[in-house]
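Structure file entry.txt (compact mmCIF, N, CA and C atoms) follows.
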# COMPACT_ATOMS: atom_id res chain seq x y z
N MET A 18 0.84 -1.17 0.00
CA MET A 18 0.00 0.00 0.00
C MET A 18 0.89 1.24 0.00
N ILE A 19 0.61 2.18 -0.88
CA ILE A 19 1.36 3.44 -0.93
C ILE A 19 0.66 4.45 -0.03
N GLU A 20 1.40 5.01 0.91
CA GLU A 20 0.86 6.00 1.83
C GLU A 20 0.98 7.41 1.27
N THR A 21 2.13 7.69 0.67
CA THR A 21 2.38 9.02 0.12
C THR A 21 3.50 8.93 -0.90
N ALA A 22 3.59 9.93 -1.73
CA ALA A 22 4.68 10.02 -2.70
C ALA A 22 5.33 11.38 -2.55
N ALA A 23 6.62 11.45 -2.74
CA ALA A 23 7.35 12.71 -2.64
C ALA A 23 8.22 12.89 -3.87
N PRO A 24 8.09 14.03 -4.55
CA PRO A 24 8.95 14.28 -5.70
C PRO A 24 10.39 14.48 -5.24
N ILE A 25 11.32 14.14 -6.10
CA ILE A 25 12.74 14.39 -5.85
C ILE A 25 13.20 15.35 -6.93
N LEU A 26 13.55 16.57 -6.50
CA LEU A 26 13.86 17.66 -7.42
C LEU A 26 15.33 18.06 -7.31
N PRO A 27 15.91 18.61 -8.37
CA PRO A 27 17.30 19.07 -8.31
C PRO A 27 17.42 20.41 -7.58
N SER A 28 18.55 20.62 -6.94
CA SER A 28 18.83 21.89 -6.28
C SER A 28 20.27 22.30 -6.55
N ARG A 29 20.46 23.51 -7.03
CA ARG A 29 21.82 24.03 -7.25
C ARG A 29 22.57 24.16 -5.94
N ASP A 30 21.83 24.55 -4.89
CA ASP A 30 22.43 24.81 -3.57
C ASP A 30 21.39 24.42 -2.53
N LEU A 31 21.63 23.34 -1.80
CA LEU A 31 20.63 22.84 -0.85
C LEU A 31 20.33 23.83 0.27
N GLY A 32 21.33 24.55 0.74
CA GLY A 32 21.10 25.56 1.78
C GLY A 32 20.22 26.69 1.27
N GLU A 33 20.47 27.13 0.06
CA GLU A 33 19.66 28.16 -0.57
C GLU A 33 18.22 27.67 -0.75
N THR A 34 18.08 26.42 -1.16
CA THR A 34 16.75 25.83 -1.34
C THR A 34 16.00 25.78 -0.01
N LEU A 35 16.68 25.37 1.05
CA LEU A 35 16.05 25.33 2.38
C LEU A 35 15.60 26.72 2.80
N THR A 36 16.44 27.71 2.62
CA THR A 36 16.09 29.09 2.98
C THR A 36 14.89 29.57 2.17
N PHE A 37 14.89 29.29 0.87
CA PHE A 37 13.80 29.71 -0.01
C PHE A 37 12.47 29.14 0.47
N TYR A 38 12.41 27.84 0.69
CA TYR A 38 11.14 27.20 1.04
C TYR A 38 10.72 27.45 2.49
N THR A 39 11.66 27.74 3.37
CA THR A 39 11.32 28.06 4.76
C THR A 39 10.42 29.30 4.79
N ARG A 40 10.65 30.21 3.87
CA ARG A 40 9.83 31.43 3.79
C ARG A 40 8.37 31.10 3.49
N PHE A 41 8.11 29.93 2.89
CA PHE A 41 6.76 29.53 2.52
C PHE A 41 6.17 28.52 3.51
N GLY A 42 6.78 28.41 4.68
CA GLY A 42 6.22 27.56 5.74
C GLY A 42 6.70 26.13 5.74
N PHE A 43 7.66 25.77 4.90
CA PHE A 43 8.23 24.42 4.92
C PHE A 43 9.30 24.35 6.00
N GLU A 44 9.54 23.15 6.50
CA GLU A 44 10.58 22.96 7.51
C GLU A 44 11.46 21.79 7.13
N ASN A 45 12.69 21.83 7.60
CA ASN A 45 13.63 20.73 7.34
C ASN A 45 13.18 19.51 8.13
N ARG A 46 13.03 18.39 7.46
CA ARG A 46 12.63 17.14 8.12
C ARG A 46 13.73 16.09 8.07
N GLY A 47 14.90 16.47 7.68
CA GLY A 47 16.02 15.54 7.61
C GLY A 47 17.23 16.13 8.30
N ALA A 48 18.36 15.56 8.02
CA ALA A 48 19.62 16.07 8.55
C ALA A 48 19.94 17.40 7.86
N PRO A 49 20.89 18.15 8.40
CA PRO A 49 21.33 19.35 7.70
C PRO A 49 21.76 18.97 6.27
N PRO A 50 21.45 19.82 5.29
CA PRO A 50 21.73 19.48 3.89
C PRO A 50 23.17 19.06 3.62
N ASP A 51 24.14 19.67 4.29
CA ASP A 51 25.53 19.32 4.01
C ASP A 51 25.92 17.96 4.59
N GLU A 52 25.14 17.46 5.53
CA GLU A 52 25.44 16.15 6.11
C GLU A 52 25.06 15.01 5.15
N TRP A 53 23.90 15.11 4.53
CA TRP A 53 23.42 14.06 3.64
C TRP A 53 23.65 14.39 2.16
N ASP A 54 23.94 15.66 1.87
CA ASP A 54 23.98 16.14 0.49
C ASP A 54 22.61 15.88 -0.16
N TYR A 55 21.58 16.04 0.65
CA TYR A 55 20.20 15.75 0.27
C TYR A 55 19.33 16.55 1.22
N LEU A 56 18.17 16.97 0.78
CA LEU A 56 17.28 17.80 1.59
C LEU A 56 15.87 17.24 1.55
N ILE A 57 15.27 17.12 2.73
CA ILE A 57 13.86 16.74 2.85
C ILE A 57 13.17 17.86 3.61
N ILE A 58 12.18 18.48 2.95
CA ILE A 58 11.41 19.52 3.62
C ILE A 58 9.94 19.14 3.59
N GLY A 59 9.19 19.66 4.55
CA GLY A 59 7.77 19.34 4.59
C GLY A 59 6.95 20.50 5.09
N ARG A 60 5.69 20.41 4.76
CA ARG A 60 4.69 21.36 5.24
C ARG A 60 3.41 20.56 5.37
N GLY A 61 2.84 20.53 6.56
CA GLY A 61 1.66 19.69 6.77
C GLY A 61 2.01 18.24 6.48
N GLY A 62 1.18 17.57 5.70
CA GLY A 62 1.42 16.17 5.37
C GLY A 62 2.26 15.96 4.12
N GLY A 63 2.69 17.04 3.47
CA GLY A 63 3.45 16.90 2.23
C GLY A 63 4.94 17.06 2.41
N GLU A 64 5.69 16.44 1.53
CA GLU A 64 7.15 16.56 1.55
C GLU A 64 7.67 16.81 0.14
N LEU A 65 8.76 17.56 0.07
CA LEU A 65 9.54 17.73 -1.14
C LEU A 65 10.95 17.26 -0.82
N HIS A 66 11.55 16.51 -1.72
CA HIS A 66 12.92 16.05 -1.55
C HIS A 66 13.78 16.70 -2.63
N PHE A 67 15.01 17.03 -2.29
CA PHE A 67 15.94 17.66 -3.23
C PHE A 67 17.28 16.97 -3.18
N PHE A 68 17.86 16.74 -4.35
CA PHE A 68 19.22 16.22 -4.42
C PHE A 68 20.13 17.34 -4.92
N HIS A 69 21.38 17.30 -4.52
CA HIS A 69 22.34 18.34 -4.89
C HIS A 69 22.73 18.18 -6.35
N ALA A 70 22.48 19.23 -7.13
CA ALA A 70 22.79 19.24 -8.56
C ALA A 70 23.35 20.62 -8.89
N PRO A 71 24.61 20.87 -8.52
CA PRO A 71 25.17 22.22 -8.65
C PRO A 71 25.23 22.76 -10.07
N THR A 72 25.17 21.90 -11.07
CA THR A 72 25.26 22.38 -12.45
C THR A 72 23.90 22.60 -13.11
N VAL A 73 22.82 22.39 -12.36
CA VAL A 73 21.49 22.58 -12.96
C VAL A 73 21.31 24.05 -13.35
N ASP A 74 20.75 24.28 -14.51
CA ASP A 74 20.49 25.62 -15.00
C ASP A 74 19.04 25.97 -14.65
N PRO A 75 18.82 26.95 -13.78
CA PRO A 75 17.45 27.25 -13.36
C PRO A 75 16.56 27.76 -14.48
N LEU A 76 17.14 28.23 -15.56
CA LEU A 76 16.32 28.74 -16.66
C LEU A 76 15.94 27.65 -17.65
N THR A 77 16.49 26.43 -17.48
CA THR A 77 16.13 25.33 -18.38
C THR A 77 15.67 24.08 -17.64
N THR A 78 15.60 24.13 -16.32
CA THR A 78 15.15 22.98 -15.54
C THR A 78 13.72 22.63 -15.93
N ASP A 79 13.43 21.35 -16.08
CA ASP A 79 12.06 20.96 -16.40
C ASP A 79 11.49 20.02 -15.34
N ALA A 80 12.00 20.15 -14.11
CA ALA A 80 11.49 19.34 -13.01
C ALA A 80 10.33 20.07 -12.33
N GLY A 81 9.40 19.31 -11.80
CA GLY A 81 8.29 19.94 -11.12
C GLY A 81 7.44 18.93 -10.39
N CYS A 82 6.47 19.45 -9.66
CA CYS A 82 5.53 18.58 -8.95
C CYS A 82 4.22 19.33 -8.75
N TYR A 83 3.24 18.60 -8.30
CA TYR A 83 1.91 19.15 -8.07
C TYR A 83 1.56 18.94 -6.61
N LEU A 84 1.13 20.00 -5.94
CA LEU A 84 0.66 19.90 -4.56
C LEU A 84 -0.84 20.16 -4.55
N ARG A 85 -1.59 19.18 -4.13
CA ARG A 85 -3.05 19.34 -4.03
C ARG A 85 -3.33 19.84 -2.62
N VAL A 86 -4.04 20.96 -2.53
CA VAL A 86 -4.34 21.58 -1.25
C VAL A 86 -5.84 21.80 -1.11
N GLU A 87 -6.25 22.18 0.09
CA GLU A 87 -7.66 22.40 0.36
C GLU A 87 -8.17 23.69 -0.30
N ASP A 88 -7.36 24.77 -0.24
CA ASP A 88 -7.80 26.07 -0.75
C ASP A 88 -6.61 26.78 -1.39
N ALA A 89 -6.50 26.68 -2.71
CA ALA A 89 -5.37 27.27 -3.43
C ALA A 89 -5.33 28.79 -3.28
N ASP A 90 -6.48 29.43 -3.30
CA ASP A 90 -6.49 30.89 -3.16
C ASP A 90 -5.95 31.33 -1.81
N ALA A 91 -6.35 30.66 -0.74
CA ALA A 91 -5.88 31.02 0.60
C ALA A 91 -4.37 30.81 0.71
N LEU A 92 -3.87 29.70 0.18
CA LEU A 92 -2.43 29.44 0.25
C LEU A 92 -1.66 30.44 -0.61
N PHE A 93 -2.19 30.78 -1.78
CA PHE A 93 -1.54 31.79 -2.61
C PHE A 93 -1.43 33.11 -1.85
N GLN A 94 -2.52 33.53 -1.21
CA GLN A 94 -2.49 34.79 -0.45
C GLN A 94 -1.45 34.74 0.66
N GLU A 95 -1.35 33.59 1.33
CA GLU A 95 -0.33 33.43 2.38
C GLU A 95 1.07 33.55 1.78
N TRP A 96 1.30 32.84 0.68
CA TRP A 96 2.63 32.85 0.06
C TRP A 96 2.93 34.21 -0.57
N GLU A 97 1.92 34.91 -1.04
CA GLU A 97 2.12 36.23 -1.63
C GLU A 97 2.65 37.21 -0.58
N GLN A 98 2.27 37.01 0.67
CA GLN A 98 2.73 37.87 1.76
C GLN A 98 4.24 37.76 1.99
N VAL A 99 4.83 36.68 1.52
CA VAL A 99 6.28 36.50 1.65
C VAL A 99 7.01 37.60 0.89
N GLY A 100 6.38 38.12 -0.15
CA GLY A 100 6.97 39.19 -0.92
C GLY A 100 8.05 38.73 -1.87
N LEU A 101 7.87 37.54 -2.46
CA LEU A 101 8.85 37.02 -3.42
C LEU A 101 8.98 37.98 -4.59
N ILE A 102 10.18 38.40 -4.84
CA ILE A 102 10.46 39.28 -5.97
C ILE A 102 10.96 38.41 -7.11
N GLU A 103 10.40 38.63 -8.29
CA GLU A 103 10.84 37.84 -9.45
C GLU A 103 12.33 38.06 -9.66
N ASP A 104 13.03 36.99 -9.97
CA ASP A 104 14.47 37.02 -10.18
C ASP A 104 14.77 36.53 -11.59
N SER A 105 15.13 37.44 -12.48
CA SER A 105 15.36 37.04 -13.87
C SER A 105 16.60 36.15 -14.02
N ALA A 106 17.53 36.22 -13.07
CA ALA A 106 18.73 35.38 -13.17
C ALA A 106 18.41 33.91 -12.94
N THR A 107 17.39 33.62 -12.12
CA THR A 107 17.04 32.23 -11.83
C THR A 107 15.64 31.87 -12.32
N GLY A 108 14.84 32.87 -12.64
CA GLY A 108 13.47 32.62 -13.08
C GLY A 108 12.50 32.40 -11.94
N SER A 109 12.95 32.57 -10.68
CA SER A 109 12.03 32.33 -9.56
C SER A 109 10.91 33.36 -9.57
N ARG A 110 9.69 32.85 -9.29
CA ARG A 110 8.53 33.72 -9.31
C ARG A 110 7.32 32.99 -8.74
N LEU A 111 6.33 33.78 -8.38
CA LEU A 111 5.04 33.27 -7.91
C LEU A 111 4.01 33.71 -8.94
N ILE A 112 3.24 32.76 -9.46
CA ILE A 112 2.29 33.02 -10.54
C ILE A 112 0.87 32.93 -10.00
N ALA A 113 0.08 33.95 -10.24
CA ALA A 113 -1.27 34.07 -9.67
C ALA A 113 -2.20 32.91 -10.06
N PRO A 114 -3.19 32.65 -9.21
CA PRO A 114 -4.15 31.57 -9.47
C PRO A 114 -5.02 31.83 -10.70
N SER A 115 -5.42 30.72 -11.30
CA SER A 115 -6.38 30.77 -12.41
C SER A 115 -7.16 29.46 -12.42
N ASP A 116 -8.30 29.49 -13.09
CA ASP A 116 -9.12 28.28 -13.20
C ASP A 116 -8.69 27.50 -14.44
N THR A 117 -8.67 26.19 -14.32
CA THR A 117 -8.27 25.33 -15.43
C THR A 117 -9.52 24.72 -16.08
N PRO A 118 -9.38 24.23 -17.32
CA PRO A 118 -10.51 23.57 -17.97
C PRO A 118 -10.88 22.25 -17.30
N TYR A 119 -9.98 21.69 -16.48
CA TYR A 119 -10.25 20.41 -15.81
C TYR A 119 -10.72 20.58 -14.37
N GLY A 120 -11.24 21.79 -14.04
CA GLY A 120 -11.93 21.99 -12.77
C GLY A 120 -11.05 22.25 -11.55
N MET A 121 -9.85 22.74 -11.78
CA MET A 121 -8.97 23.05 -10.65
C MET A 121 -8.69 24.55 -10.63
N ARG A 122 -8.46 25.05 -9.44
CA ARG A 122 -7.97 26.42 -9.24
C ARG A 122 -6.49 26.26 -8.91
N GLU A 123 -5.61 26.83 -9.74
CA GLU A 123 -4.18 26.56 -9.59
C GLU A 123 -3.34 27.84 -9.60
N PHE A 124 -2.20 27.76 -8.90
CA PHE A 124 -1.16 28.77 -9.01
C PHE A 124 0.17 28.05 -9.06
N ALA A 125 1.24 28.79 -9.26
CA ALA A 125 2.54 28.15 -9.41
C ALA A 125 3.62 28.94 -8.69
N LEU A 126 4.62 28.21 -8.24
CA LEU A 126 5.83 28.77 -7.64
C LEU A 126 7.01 28.17 -8.39
N VAL A 127 7.91 29.01 -8.85
CA VAL A 127 9.14 28.54 -9.47
C VAL A 127 10.27 28.91 -8.52
N ASP A 128 11.07 27.91 -8.12
CA ASP A 128 12.14 28.18 -7.15
C ASP A 128 13.43 28.62 -7.84
N ARG A 129 14.45 28.87 -7.04
CA ARG A 129 15.72 29.42 -7.56
C ARG A 129 16.53 28.39 -8.35
N SER A 130 16.11 27.13 -8.34
CA SER A 130 16.75 26.11 -9.18
C SER A 130 15.93 25.83 -10.43
N GLY A 131 14.81 26.54 -10.59
CA GLY A 131 13.97 26.39 -11.76
C GLY A 131 12.88 25.35 -11.63
N ASN A 132 12.70 24.76 -10.46
CA ASN A 132 11.66 23.76 -10.26
C ASN A 132 10.28 24.42 -10.23
N LEU A 133 9.34 23.82 -10.93
CA LEU A 133 7.97 24.32 -10.98
C LEU A 133 7.13 23.56 -9.96
N ILE A 134 6.58 24.29 -8.99
CA ILE A 134 5.69 23.70 -7.99
C ILE A 134 4.29 24.24 -8.32
N ARG A 135 3.45 23.37 -8.89
CA ARG A 135 2.06 23.75 -9.19
C ARG A 135 1.20 23.37 -7.99
N VAL A 136 0.30 24.26 -7.62
CA VAL A 136 -0.53 24.08 -6.44
C VAL A 136 -1.99 24.25 -6.85
N GLY A 137 -2.84 23.30 -6.46
CA GLY A 137 -4.22 23.41 -6.87
C GLY A 137 -5.22 22.80 -5.92
N SER A 138 -6.45 23.27 -6.07
CA SER A 138 -7.59 22.72 -5.34
C SER A 138 -8.79 22.73 -6.29
N PRO A 139 -9.75 21.85 -6.04
CA PRO A 139 -10.94 21.86 -6.90
C PRO A 139 -11.61 23.23 -6.87
N SER A 140 -12.02 23.71 -8.06
CA SER A 140 -12.65 25.05 -8.10
C SER A 140 -14.13 24.96 -7.91

How would this structure read if it were set down as structure tokens?
Amino acid sequence: MIETAAPILPSRDLGETLTFYTRFGFENRGAPPDEWDYLIIGRGGGELHFFHAPTVDPLTTDAGCYLRVEDADALFQEWEQVGLIEDSATGSRLIAPSDTPYGMREFALVDRSGNLIRVGSPS
């Protein structure tokens, strides 16, 4: 029986990744990144895993995952308060919610390694 699944995403700098996601309410659930050369972060019942990939290009990374949440609009408003400023050097940004043709309300977060985190709830 599968209880949960966690994406494993590349990170140019695990410490930078931990700092980035901590601003959005995630916490480190593993050893310090330099001890394992791997990062496990979580928020609520969800986890994201990152492996060290110092040569990843954040402007061409095609890794991503989907987080299904109870209320995408509420979480977007919470994350918007972080005040993420778009960074053209890495492509990091927070993209406003919209309704999809398949009945979801979704927004997106792109991190400093170029990973796309799509977040949605039924609309």

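Using only C-alpha atoms, the shortest contact distance between A:Gly62 and any of A:Leu76, A:Ser138, A:Glu44, A:Gly32 is found at A:Glu44.
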
Rounded to one decimal, what separation in Å do you get between atom C of A:Arg135 and atom C of A:Pro75?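 Here the two named atoms are 17.2 Å from each other.
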
So how many Å separate atom CA of A:Arg85 and atom CA of A:Ala22, to one decimal?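 Interatomic distance here is 12.2 Å.
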
Just give me the gap between atom CA of A:Ile102 and atom CA of A:Tyr119 in Å, one decimal is fine.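 Between these atoms lies a distance of 29.7 Å.
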
Which residues are near A:Val99? Cut-off 10 Å, only C-alpha atoms, ignore same chain within fewer than 2 positions. Put them as a CSV table (one decimal) with N, CA and C atoms, in the frame of the given file.
chain,number,residue,atom,x,y,z
A,40,ARG,N,10.6,30.2,3.9
A,40,ARG,CA,9.8,31.4,3.8
A,40,ARG,C,8.4,31.1,3.5
A,41,PHE,N,8.1,29.9,2.9
A,41,PHE,CA,6.8,29.5,2.5
A,41,PHE,C,6.2,28.5,3.5
A,42,GLY,N,6.8,28.4,4.7
A,42,GLY,CA,6.2,27.6,5.7
A,42,GLY,C,6.7,26.1,5.7
A,94,GLN,N,-2.5,33.5,-1.2
A,94,GLN,CA,-2.5,34.8,-0.4
A,94,GLN,C,-1.4,34.7,0.7
A,95,GLU,N,-1.4,33.6,1.3
A,95,GLU,CA,-0.3,33.4,2.4
A,95,GLU,C,1.1,33.6,1.8
A,96,TRP,N,1.3,32.8,0.7
A,96,TRP,CA,2.6,32.8,0.1
A,96,TRP,C,2.9,34.2,-0.6
A,97,GLU,N,1.9,34.9,-1.0
A,97,GLU,CA,2.1,36.2,-1.6
A,97,GLU,C,2.6,37.2,-0.6
A,101,LEU,N,7.9,37.5,-2.5
A,101,LEU,CA,8.8,37.0,-3.4
A,101,LEU,C,9.0,38.0,-4.6
A,102,ILE,N,10.2,38.4,-4.8
A,102,ILE,CA,10.5,39.3,-6.0
A,102,ILE,C,11.0,38.4,-7.1

Assign secondary structure with DSSP using the backbone only, and return the residues of chain A in alpha helix (DSSP H) as a PyMOL selection string. chain A and resi 31-39+50-53+89-97

Nearest to A:Ala89: which of A:Ile57, A:Glu123, A:His69, A:Arg129 is it, counting only N, CA and C atoms?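 For A:Ala89, the nearest of the candidates is A:Glu123.
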
Polymer residues at most 8 Å from (4.3, 23.3, -7.8) by all atoms listed in the file, as a list of chain:residue names: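 Residues close enough to count: A:Gly81, A:Cys82, A:Tyr83, A:Leu84, A:Phe124, A:Ala125, A:Leu126, A:Val127, A:Asn132, A:Leu133, A:Ile134, A:Arg135, A:Val136, A:Gly137.
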
Keeping only N, CA and C atoms, write the selected residues as a PDB file, in the frame of the given file.
ATOM      1  N   GLY A  81       9.400  19.310 -11.800  1.00  0.00           N
ATOM      2  CA  GLY A  81       8.290  19.940 -11.120  1.00  0.00           C
ATOM      3  C   GLY A  81       7.440  18.930 -10.390  1.00  0.00           C
ATOM      4  N   CYS A  82       6.470  19.450  -9.660  1.00  0.00           N
ATOM      5  CA  CYS A  82       5.530  18.580  -8.950  1.00  0.00           C
ATOM      6  C   CYS A  82       4.220  19.330  -8.750  1.00  0.00           C
ATOM      7  N   TYR A  83       3.240  18.600  -8.300  1.00  0.00           N
ATOM      8  CA  TYR A  83       1.910  19.150  -8.070  1.00  0.00           C
ATOM      9  C   TYR A  83       1.560  18.940  -6.610  1.00  0.00           C
ATOM     10  N   LEU A  84       1.130  20.000  -5.940  1.00  0.00           N
ATOM     11  CA  LEU A  84       0.660  19.900  -4.560  1.00  0.00           C
ATOM     12  C   LEU A  84      -0.840  20.160  -4.550  1.00  0.00           C
ATOM     13  N   PHE A 124      -2.200  27.760  -8.900  1.00  0.00           N
ATOM     14  CA  PHE A 124      -1.160  28.770  -9.010  1.00  0.00           C
ATOM     15  C   PHE A 124       0.170  28.050  -9.060  1.00  0.00           C
ATOM     16  N   ALA A 125       1.240  28.790  -9.260  1.00  0.00           N
ATOM     17  CA  ALA A 125       2.540  28.150  -9.410  1.00  0.00           C
ATOM     18  C   ALA A 125       3.620  28.940  -8.690  1.00  0.00           C
ATOM     19  N   LEU A 126       4.620  28.210  -8.240  1.00  0.00           N
ATOM     20  CA  LEU A 126       5.830  28.770  -7.640  1.00  0.00           C
ATOM     21  C   LEU A 126       7.010  28.170  -8.390  1.00  0.00           C
ATOM     22  N   VAL A 127       7.910  29.010  -8.850  1.00  0.00           N
ATOM     23  CA  VAL A 127       9.140  28.540  -9.470  1.00  0.00           C
ATOM     24  C   VAL A 127      10.270  28.910  -8.520  1.00  0.00           C
ATOM     25  N   ASN A 132      12.700  24.760 -10.460  1.00  0.00           N
ATOM     26  CA  ASN A 132      11.660  23.760 -10.260  1.00  0.00           C
ATOM     27  C   ASN A 132      10.280  24.420 -10.230  1.00  0.00           C
ATOM     28  N   LEU A 133       9.340  23.820 -10.930  1.00  0.00           N
ATOM     29  CA  LEU A 133       7.970  24.320 -10.980  1.00  0.00           C
ATOM     30  C   LEU A 133       7.130  23.560  -9.960  1.00  0.00           C
ATOM     31  N   ILE A 134       6.580  24.290  -8.990  1.00  0.00           N
ATOM     32  CA  ILE A 134       5.690  23.700  -7.990  1.00  0.00           C
ATOM     33  C   ILE A 134       4.290  24.240  -8.320  1.00  0.00           C
ATOM     34  N   ARG A 135       3.450  23.370  -8.890  1.00  0.00           N
ATOM     35  CA  ARG A 135       2.060  23.750  -9.190  1.00  0.00           C
ATOM     36  C   ARG A 135       1.200  23.370  -7.990  1.00  0.00           C
ATOM     37  N   VAL A 136       0.300  24.260  -7.620  1.00  0.00           N
ATOM     38  CA  VAL A 136      -0.530  24.080  -6.440  1.00  0.00           C
ATOM     39  C   VAL A 136      -1.990  24.250  -6.850  1.00  0.00           C
ATOM     40  N   GLY A 137      -2.840  23.300  -6.460  1.00  0.00           N
ATOM     41  CA  GLY A 137      -4.220  23.410  -6.870  1.00  0.00           C
ATOM     42  C   GLY A 137      -5.220  22.800  -5.920  1.00  0.00           C
TER      43      GLY A 137
END

Just want the 7 Å neighbourhood of A:Thr107, counted on all atoms listed in the file, with same-chain residues fewer than 2 positions away dropped. Output as a ChimeraX atom specification. /A:75-76,104-105,109-110,128-131

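Minimum atom-to-atom distances from A:Asp30, A:Glu52, A:Thr36, A:Pro114 to A:Val73 were compared using all atoms listed in the file, and the lowest value belongs to A:Asp30.
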
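Nearest to A:Arg122 of all the residues A:Asp54, A:Glu33, A:Glu103, A:Asp90 is A:Asp90, counting only N, CA and C atoms.
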
Which of chain A end up as strand (DSSP E) when DSSP is run on this backbone - answer as a VMD selection string? chain A and resid 25 to 28 44 to 45 55 to 60 63 to 69 81 to 85 110 to 116 121 to 127 133 to 139

Closest of A:Ala91, A:Leu111, A:Leu26, A:Leu35 to A:Phe67 - atom-to-atom distances counting all atoms listed in the file: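 Smallest separation from A:Phe67 among the options: A:Leu26.
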
Padding 5 Å on each side, edges along x, y and z: where is the centre of the box around the listed atoms of stretch 92-111 of chain A, and how long are its edges in Å to one decimal? Output it as lines of an AutoDock Vina configuration file.
center_x = 7.4
center_y = 34.4
center_z = -5.8
size_x = 32.6
size_y = 19.8
size_z = 26.4

Considering only C-alpha atoms, return as a compact mmCIF listing (two decimals) with N, CA and C atoms, in the frame of the given file whatever protein or nucleic-acid residues lie within 7 Å of A:His66, sequence-local ones (same chain, fewer than 3 positions apart) excluded.
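selection08.txt, freshly written:
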# COMPACT_ATOMS: atom_id res chain seq x y z
N ALA A 23 6.62 11.45 -2.74
CA ALA A 23 7.35 12.71 -2.64
C ALA A 23 8.22 12.89 -3.87
N PRO A 24 8.09 14.03 -4.55
CA PRO A 24 8.95 14.28 -5.70
C PRO A 24 10.39 14.48 -5.24
N ILE A 25 11.32 14.14 -6.10
CA ILE A 25 12.74 14.39 -5.85
C ILE A 25 13.20 15.35 -6.93
N LEU A 26 13.55 16.57 -6.50
CA LEU A 26 13.86 17.66 -7.42
C LEU A 26 15.33 18.06 -7.31
N LEU A 56 18.17 16.97 0.78
CA LEU A 56 17.28 17.80 1.59
C LEU A 56 15.87 17.24 1.55
N ILE A 57 15.27 17.12 2.73
CA ILE A 57 13.86 16.74 2.85
C ILE A 57 13.17 17.86 3.61
N ILE A 58 12.18 18.48 2.95
CA ILE A 58 11.41 19.52 3.62
C ILE A 58 9.94 19.14 3.59
